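Engineer: So that you have it, the file is run-v6.csv, and it contains CSV, C-alpha atoms:
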chain,number,residue,atom,x,y,z
M,24,MET,CA,0.0,0.0,0.0
M,25,ILE,CA,2.8,2.4,0.8
M,26,ASP,CA,4.4,1.7,-2.6
M,27,LEU,CA,1.2,2.5,-4.3
M,28,LEU,CA,1.0,5.9,-2.5
M,29,ASN,CA,4.6,6.6,-3.3
M,30,ASP,CA,4.1,5.9,-6.9
M,31,MET,CA,1.0,8.0,-7.0
M,32,TRP,CA,2.7,10.9,-5.4
M,33,ALA,CA,5.7,10.6,-7.8
M,34,PHE,CA,3.3,10.6,-10.8
M,35,LEU,CA,1.4,13.7,-9.5
M,36,ARG,CA,4.6,15.6,-8.7
M,37,GLU,CA,6.4,14.7,-12.0
M,38,ARG,CA,3.5,15.6,-14.3
M,39,LYS,CA,2.3,18.6,-12.3
M,40,LYS,CA,-1.2,17.0,-11.8
M,41,PHE,CA,-1.8,18.3,-8.3
M,42,TRP,CA,-5.4,19.0,-9.1
M,43,LEU,CA,-6.0,15.2,-9.1
M,44,LEU,CA,-5.0,14.9,-5.4
M,45,PRO,CA,-8.4,16.1,-3.9
M,46,ILE,CA,-10.3,13.7,-6.2
M,47,VAL,CA,-8.1,10.7,-5.2
M,48,LEU,CA,-8.4,11.6,-1.5
M,49,VAL,CA,-12.2,11.8,-1.7
M,50,LEU,CA,-12.4,8.5,-3.5
M,51,MET,CA,-10.2,6.9,-0.9
M,52,LEU,CA,-12.2,8.3,2.0
M,53,LEU,CA,-15.5,7.1,0.5
M,54,GLY,CA,-14.0,3.6,-0.1
M,55,ALA,CA,-12.8,3.5,3.5
M,56,LEU,CA,-16.2,4.6,4.8
M,57,LEU,CA,-17.9,1.8,2.9
M,58,VAL,CA,-15.5,-0.8,4.1
M,59,LEU,CA,-15.7,0.3,7.7
M,60,ALA,CA,-19.5,0.6,7.7
M,61,GLN,CA,-20.0,-2.7,6.1
M,62,GLY,CA,-20.5,-4.7,9.3
M,63,SER,CA,-22.0,-2.0,11.5
M,64,ALA,CA,-25.5,-0.8,12.2
M,65,VAL,CA,-24.7,2.4,10.4
M,66,ALA,CA,-24.5,0.6,7.0
M,67,PRO,CA,-28.2,1.1,6.0
M,68,PHE,CA,-27.9,4.9,6.5
M,69,ILE,CA,-24.6,5.1,4.5
M,70,TYR,CA,-26.0,3.1,1.6
M,71,THR,CA,-29.0,5.5,1.3
M,72,LEU,CA,-26.5,8.2,0.4
M,73,PHE,CA,-25.5,6.3,-2.7
As structure tokens - that is how I would like this structure written.

Structural biologist:
Amino acid sequence: MIDLLNDMWAFLRERKKFWLLPIVLVLMLLGALLVLAQGSAVAPFIYTLF
């Protein structure tokens, strides 16, 4: 996982694509939210958002 983040950061820095960073962060946060809420009682409320 750390290698993936390092490669992503090197790609963004070398090609000056810093505008992609907020998009990537939001997608990662949404993915983490879905994974963490999968087994909890909060899951039905989270799935109504999507």

Engineer: Please identify every residue of region 33-69 of chain M that has at least one atom no farther than 12 Å from an atom of region 24-29 of chain M, counting all atoms listed in the file, and for each give the shortest atom pair and the distance in Å to one decimal, arranged by chain then increasing number, as CSV.

Structural biologist:
residue,atom,partner,partner_atom,distance
M:Ala33,CA,M:Asn29,CA,6.1
M:Phe34,CA,M:Asn29,CA,8.6
M:Leu35,CA,M:Asn29,CA,10.0
M:Arg36,CA,M:Asn29,CA,10.5
M:Leu44,CA,M:Leu28,CA,11.2
M:Val47,CA,M:Leu28,CA,10.6
M:Leu48,CA,M:Leu28,CA,11.0
M:Met51,CA,M:Leu28,CA,11.4

Engineer: Got time to write the residues from that selection, C-alpha atoms, as a short mmCIF file (atom, residue, chain, number, x, y, z; two decimals), in the coordinates of the input?

Structural biologist:
data_model
loop_
_atom_site.label_atom_id
_atom_site.label_comp_id
_atom_site.auth_asym_id
_atom_site.auth_seq_id
_atom_site.Cartn_x
_atom_site.Cartn_y
_atom_site.Cartn_z
CA ALA M 33 5.70 10.60 -7.80
CA PHE M 34 3.30 10.60 -10.80
CA LEU M 35 1.40 13.70 -9.50
CA ARG M 36 4.60 15.60 -8.70
CA LEU M 44 -5.00 14.90 -5.40
CA VAL M 47 -8.10 10.70 -5.20
CA LEU M 48 -8.40 11.60 -1.50
CA MET M 51 -10.20 6.90 -0.90
#

Engineer: Do you know which residues are at most 12 Å from Leu53 (chain M) counting only C-alpha atoms, after dropping those on the same chain fewer than 5 positions away, and could you put them as a PDB file with C-alpha atoms, in the coordinates of the input?

Structural biologist:
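Writing done, so here's part-v7.pdb:
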ATOM      1  CA  ILE M  46     -10.300  13.700  -6.200  1.00  0.00           C
ATOM      2  CA  VAL M  47      -8.100  10.700  -5.200  1.00  0.00           C
ATOM      3  CA  LEU M  48      -8.400  11.600  -1.500  1.00  0.00           C
ATOM      4  CA  VAL M  58     -15.500  -0.800   4.100  1.00  0.00           C
ATOM      5  CA  LEU M  59     -15.700   0.300   7.700  1.00  0.00           C
ATOM      6  CA  ALA M  60     -19.500   0.600   7.700  1.00  0.00           C
ATOM      7  CA  ILE M  69     -24.600   5.100   4.500  1.00  0.00           C
ATOM      8  CA  TYR M  70     -26.000   3.100   1.600  1.00  0.00           C
ATOM      9  CA  LEU M  72     -26.500   8.200   0.400  1.00  0.00           C
ATOM     10  CA  PHE M  73     -25.500   6.300  -2.700  1.00  0.00           C
TER      11      PHE M  73
END

Engineer: What is the distance, in Å and to one decimal place, between CA of Pro67 (chain M) and CA of Val49 (chain M)?

Structural biologist: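 Computed distance, CA of Pro67 (chain M) to CA of Val49 (chain M), equals 20.7 Å.
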
Engineer: If I take CA of Ala55 (chain M) and CA of Met31 (chain M), how far is one from the other in Å, to one decimal?

Structural biologist: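 According to the coordinates, CA of Ala55 (chain M) and CA of Met31 (chain M) are separated by 17.9 Å.
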
Engineer: Output as a PDB file, in the frame of the given file: region 26-61 of chain M, completed with N, CA and C atoms.

Structural biologist:
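The resulting part.pdb:
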ATOM      1  N   ASP M  26       3.838   1.523  -1.237  1.00  0.00           N
ATOM      2  CA  ASP M  26       4.400   1.700  -2.600  1.00  0.00           C
ATOM      3  C   ASP M  26       3.461   2.313  -3.545  1.00  0.00           C
ATOM      4  N   LEU M  27       2.196   1.956  -3.443  1.00  0.00           N
ATOM      5  CA  LEU M  27       1.200   2.500  -4.300  1.00  0.00           C
ATOM      6  C   LEU M  27       1.069   4.055  -4.063  1.00  0.00           C
ATOM      7  N   LEU M  28       1.061   4.441  -2.796  1.00  0.00           N
ATOM      8  CA  LEU M  28       1.000   5.900  -2.500  1.00  0.00           C
ATOM      9  C   LEU M  28       2.225   6.621  -2.929  1.00  0.00           C
ATOM     10  N   ASN M  29       3.389   6.000  -2.780  1.00  0.00           N
ATOM     11  CA  ASN M  29       4.600   6.600  -3.300  1.00  0.00           C
ATOM     12  C   ASN M  29       4.620   6.802  -4.765  1.00  0.00           C
ATOM     13  N   ASP M  30       4.174   5.787  -5.476  1.00  0.00           N
ATOM     14  CA  ASP M  30       4.100   5.900  -6.900  1.00  0.00           C
ATOM     15  C   ASP M  30       3.096   6.934  -7.380  1.00  0.00           C
ATOM     16  N   MET M  31       1.972   6.994  -6.687  1.00  0.00           N
ATOM     17  CA  MET M  31       1.000   8.000  -7.000  1.00  0.00           C
ATOM     18  C   MET M  31       1.490   9.416  -6.794  1.00  0.00           C
ATOM     19  N   TRP M  32       2.177   9.611  -5.676  1.00  0.00           N
ATOM     20  CA  TRP M  32       2.700  10.900  -5.400  1.00  0.00           C
ATOM     21  C   TRP M  32       3.810  11.300  -6.400  1.00  0.00           C
ATOM     22  N   ALA M  33       4.649  10.350  -6.799  1.00  0.00           N
ATOM     23  CA  ALA M  33       5.700  10.600  -7.800  1.00  0.00           C
ATOM     24  C   ALA M  33       5.045  10.980  -9.142  1.00  0.00           C
ATOM     25  N   PHE M  34       3.969  10.293  -9.505  1.00  0.00           N
ATOM     26  CA  PHE M  34       3.300  10.600 -10.800  1.00  0.00           C
ATOM     27  C   PHE M  34       2.700  12.017 -10.720  1.00  0.00           C
ATOM     28  N   LEU M  35       2.028  12.360  -9.613  1.00  0.00           N
ATOM     29  CA  LEU M  35       1.400  13.700  -9.500  1.00  0.00           C
ATOM     30  C   LEU M  35       2.487  14.789  -9.515  1.00  0.00           C
ATOM     31  N   ARG M  36       3.585  14.553  -8.829  1.00  0.00           N
ATOM     32  CA  ARG M  36       4.600  15.600  -8.700  1.00  0.00           C
ATOM     33  C   ARG M  36       5.356  15.746 -10.070  1.00  0.00           C
ATOM     34  N   GLU M  37       5.651  14.651 -10.763  1.00  0.00           N
ATOM     35  CA  GLU M  37       6.400  14.700 -12.000  1.00  0.00           C
ATOM     36  C   GLU M  37       5.607  15.370 -13.128  1.00  0.00           C
ATOM     37  N   ARG M  38       4.326  15.058 -13.196  1.00  0.00           N
ATOM     38  CA  ARG M  38       3.500  15.600 -14.300  1.00  0.00           C
ATOM     39  C   ARG M  38       2.693  16.801 -13.926  1.00  0.00           C
ATOM     40  N   LYS M  39       2.927  17.338 -12.735  1.00  0.00           N
ATOM     41  CA  LYS M  39       2.300  18.600 -12.300  1.00  0.00           C
ATOM     42  C   LYS M  39       0.730  18.420 -12.294  1.00  0.00           C
ATOM     43  N   LYS M  40       0.239  17.287 -11.837  1.00  0.00           N
ATOM     44  CA  LYS M  40      -1.200  17.000 -11.800  1.00  0.00           C
ATOM     45  C   LYS M  40      -1.737  17.081 -10.396  1.00  0.00           C
ATOM     46  N   PHE M  41      -1.389  18.136  -9.684  1.00  0.00           N
ATOM     47  CA  PHE M  41      -1.800  18.300  -8.300  1.00  0.00           C
ATOM     48  C   PHE M  41      -3.308  18.447  -8.141  1.00  0.00           C
ATOM     49  N   TRP M  42      -3.989  18.815  -9.196  1.00  0.00           N
ATOM     50  CA  TRP M  42      -5.400  19.000  -9.100  1.00  0.00           C
ATOM     51  C   TRP M  42      -6.138  17.631  -8.955  1.00  0.00           C
ATOM     52  N   LEU M  43      -5.438  16.515  -9.256  1.00  0.00           N
ATOM     53  CA  LEU M  43      -6.000  15.200  -9.100  1.00  0.00           C
ATOM     54  C   LEU M  43      -6.009  14.736  -7.606  1.00  0.00           C
ATOM     55  N   LEU M  44      -5.182  15.368  -6.786  1.00  0.00           N
ATOM     56  CA  LEU M  44      -5.000  14.900  -5.400  1.00  0.00           C
ATOM     57  C   LEU M  44      -6.334  15.004  -4.608  1.00  0.00           C
ATOM     58  N   PRO M  45      -7.140  16.073  -4.670  1.00  0.00           N
ATOM     59  CA  PRO M  45      -8.400  16.100  -3.900  1.00  0.00           C
ATOM     60  C   PRO M  45      -9.375  14.979  -4.405  1.00  0.00           C
ATOM     61  N   ILE M  46      -9.382  14.700  -5.689  1.00  0.00           N
ATOM     62  CA  ILE M  46     -10.300  13.700  -6.200  1.00  0.00           C
ATOM     63  C   ILE M  46      -9.860  12.298  -5.678  1.00  0.00           C
ATOM     64  N   VAL M  47      -8.574  12.019  -5.688  1.00  0.00           N
ATOM     65  CA  VAL M  47      -8.100  10.700  -5.200  1.00  0.00           C
ATOM     66  C   VAL M  47      -8.360  10.602  -3.691  1.00  0.00           C
ATOM     67  N   LEU M  48      -8.163  11.669  -2.937  1.00  0.00           N
ATOM     68  CA  LEU M  48      -8.400  11.600  -1.500  1.00  0.00           C
ATOM     69  C   LEU M  48      -9.884  11.372  -1.174  1.00  0.00           C
ATOM     70  N   VAL M  49     -10.770  12.026  -1.893  1.00  0.00           N
ATOM     71  CA  VAL M  49     -12.200  11.800  -1.700  1.00  0.00           C
ATOM     72  C   VAL M  49     -12.610  10.400  -1.999  1.00  0.00           C
ATOM     73  N   LEU M  50     -12.106   9.866  -3.099  1.00  0.00           N
ATOM     74  CA  LEU M  50     -12.400   8.500  -3.500  1.00  0.00           C
ATOM     75  C   LEU M  50     -11.899   7.496  -2.427  1.00  0.00           C
ATOM     76  N   MET M  51     -10.706   7.750  -1.897  1.00  0.00           N
ATOM     77  CA  MET M  51     -10.200   6.900  -0.900  1.00  0.00           C
ATOM     78  C   MET M  51     -10.976   6.955   0.419  1.00  0.00           C
ATOM     79  N   LEU M  52     -11.413   8.152   0.791  1.00  0.00           N
ATOM     80  CA  LEU M  52     -12.200   8.300   2.000  1.00  0.00           C
ATOM     81  C   LEU M  52     -13.586   7.626   1.847  1.00  0.00           C
ATOM     82  N   LEU M  53     -14.195   7.747   0.680  1.00  0.00           N
ATOM     83  CA  LEU M  53     -15.500   7.100   0.500  1.00  0.00           C
ATOM     84  C   LEU M  53     -15.317   5.556   0.485  1.00  0.00           C
ATOM     85  N   GLY M  54     -14.249   5.065  -0.091  1.00  0.00           N
ATOM     86  CA  GLY M  54     -14.000   3.600  -0.100  1.00  0.00           C
ATOM     87  C   GLY M  54     -13.756   3.136   1.359  1.00  0.00           C
ATOM     88  N   ALA M  55     -13.004   3.881   2.148  1.00  0.00           N
ATOM     89  CA  ALA M  55     -12.800   3.500   3.500  1.00  0.00           C
ATOM     90  C   ALA M  55     -14.055   3.549   4.343  1.00  0.00           C
ATOM     91  N   LEU M  56     -14.895   4.532   4.078  1.00  0.00           N
ATOM     92  CA  LEU M  56     -16.200   4.600   4.800  1.00  0.00           C
ATOM     93  C   LEU M  56     -17.050   3.430   4.481  1.00  0.00           C
ATOM     94  N   LEU M  57     -17.101   3.010   3.239  1.00  0.00           N
ATOM     95  CA  LEU M  57     -17.900   1.800   2.900  1.00  0.00           C
ATOM     96  C   LEU M  57     -17.367   0.558   3.507  1.00  0.00           C
ATOM     97  N   VAL M  58     -16.057   0.423   3.524  1.00  0.00           N
ATOM     98  CA  VAL M  58     -15.500  -0.800   4.100  1.00  0.00           C
ATOM     99  C   VAL M  58     -15.697  -0.832   5.610  1.00  0.00           C
ATOM    100  N   LEU M  59     -15.513   0.300   6.291  1.00  0.00           N
ATOM    101  CA  LEU M  59     -15.700   0.300   7.700  1.00  0.00           C
ATOM    102  C   LEU M  59     -17.141   0.184   8.166  1.00  0.00           C
ATOM    103  N   ALA M  60     -18.055   0.671   7.360  1.00  0.00           N
ATOM    104  CA  ALA M  60     -19.500   0.600   7.700  1.00  0.00           C
ATOM    105  C   ALA M  60     -20.150  -0.656   7.282  1.00  0.00           C
ATOM    106  N   GLN M  61     -19.437  -1.526   6.623  1.00  0.00           N
ATOM    107  CA  GLN M  61     -20.000  -2.700   6.100  1.00  0.00           C
ATOM    108  C   GLN M  61     -20.639  -3.636   7.133  1.00  0.00           C
TER     109      GLN M  61
END
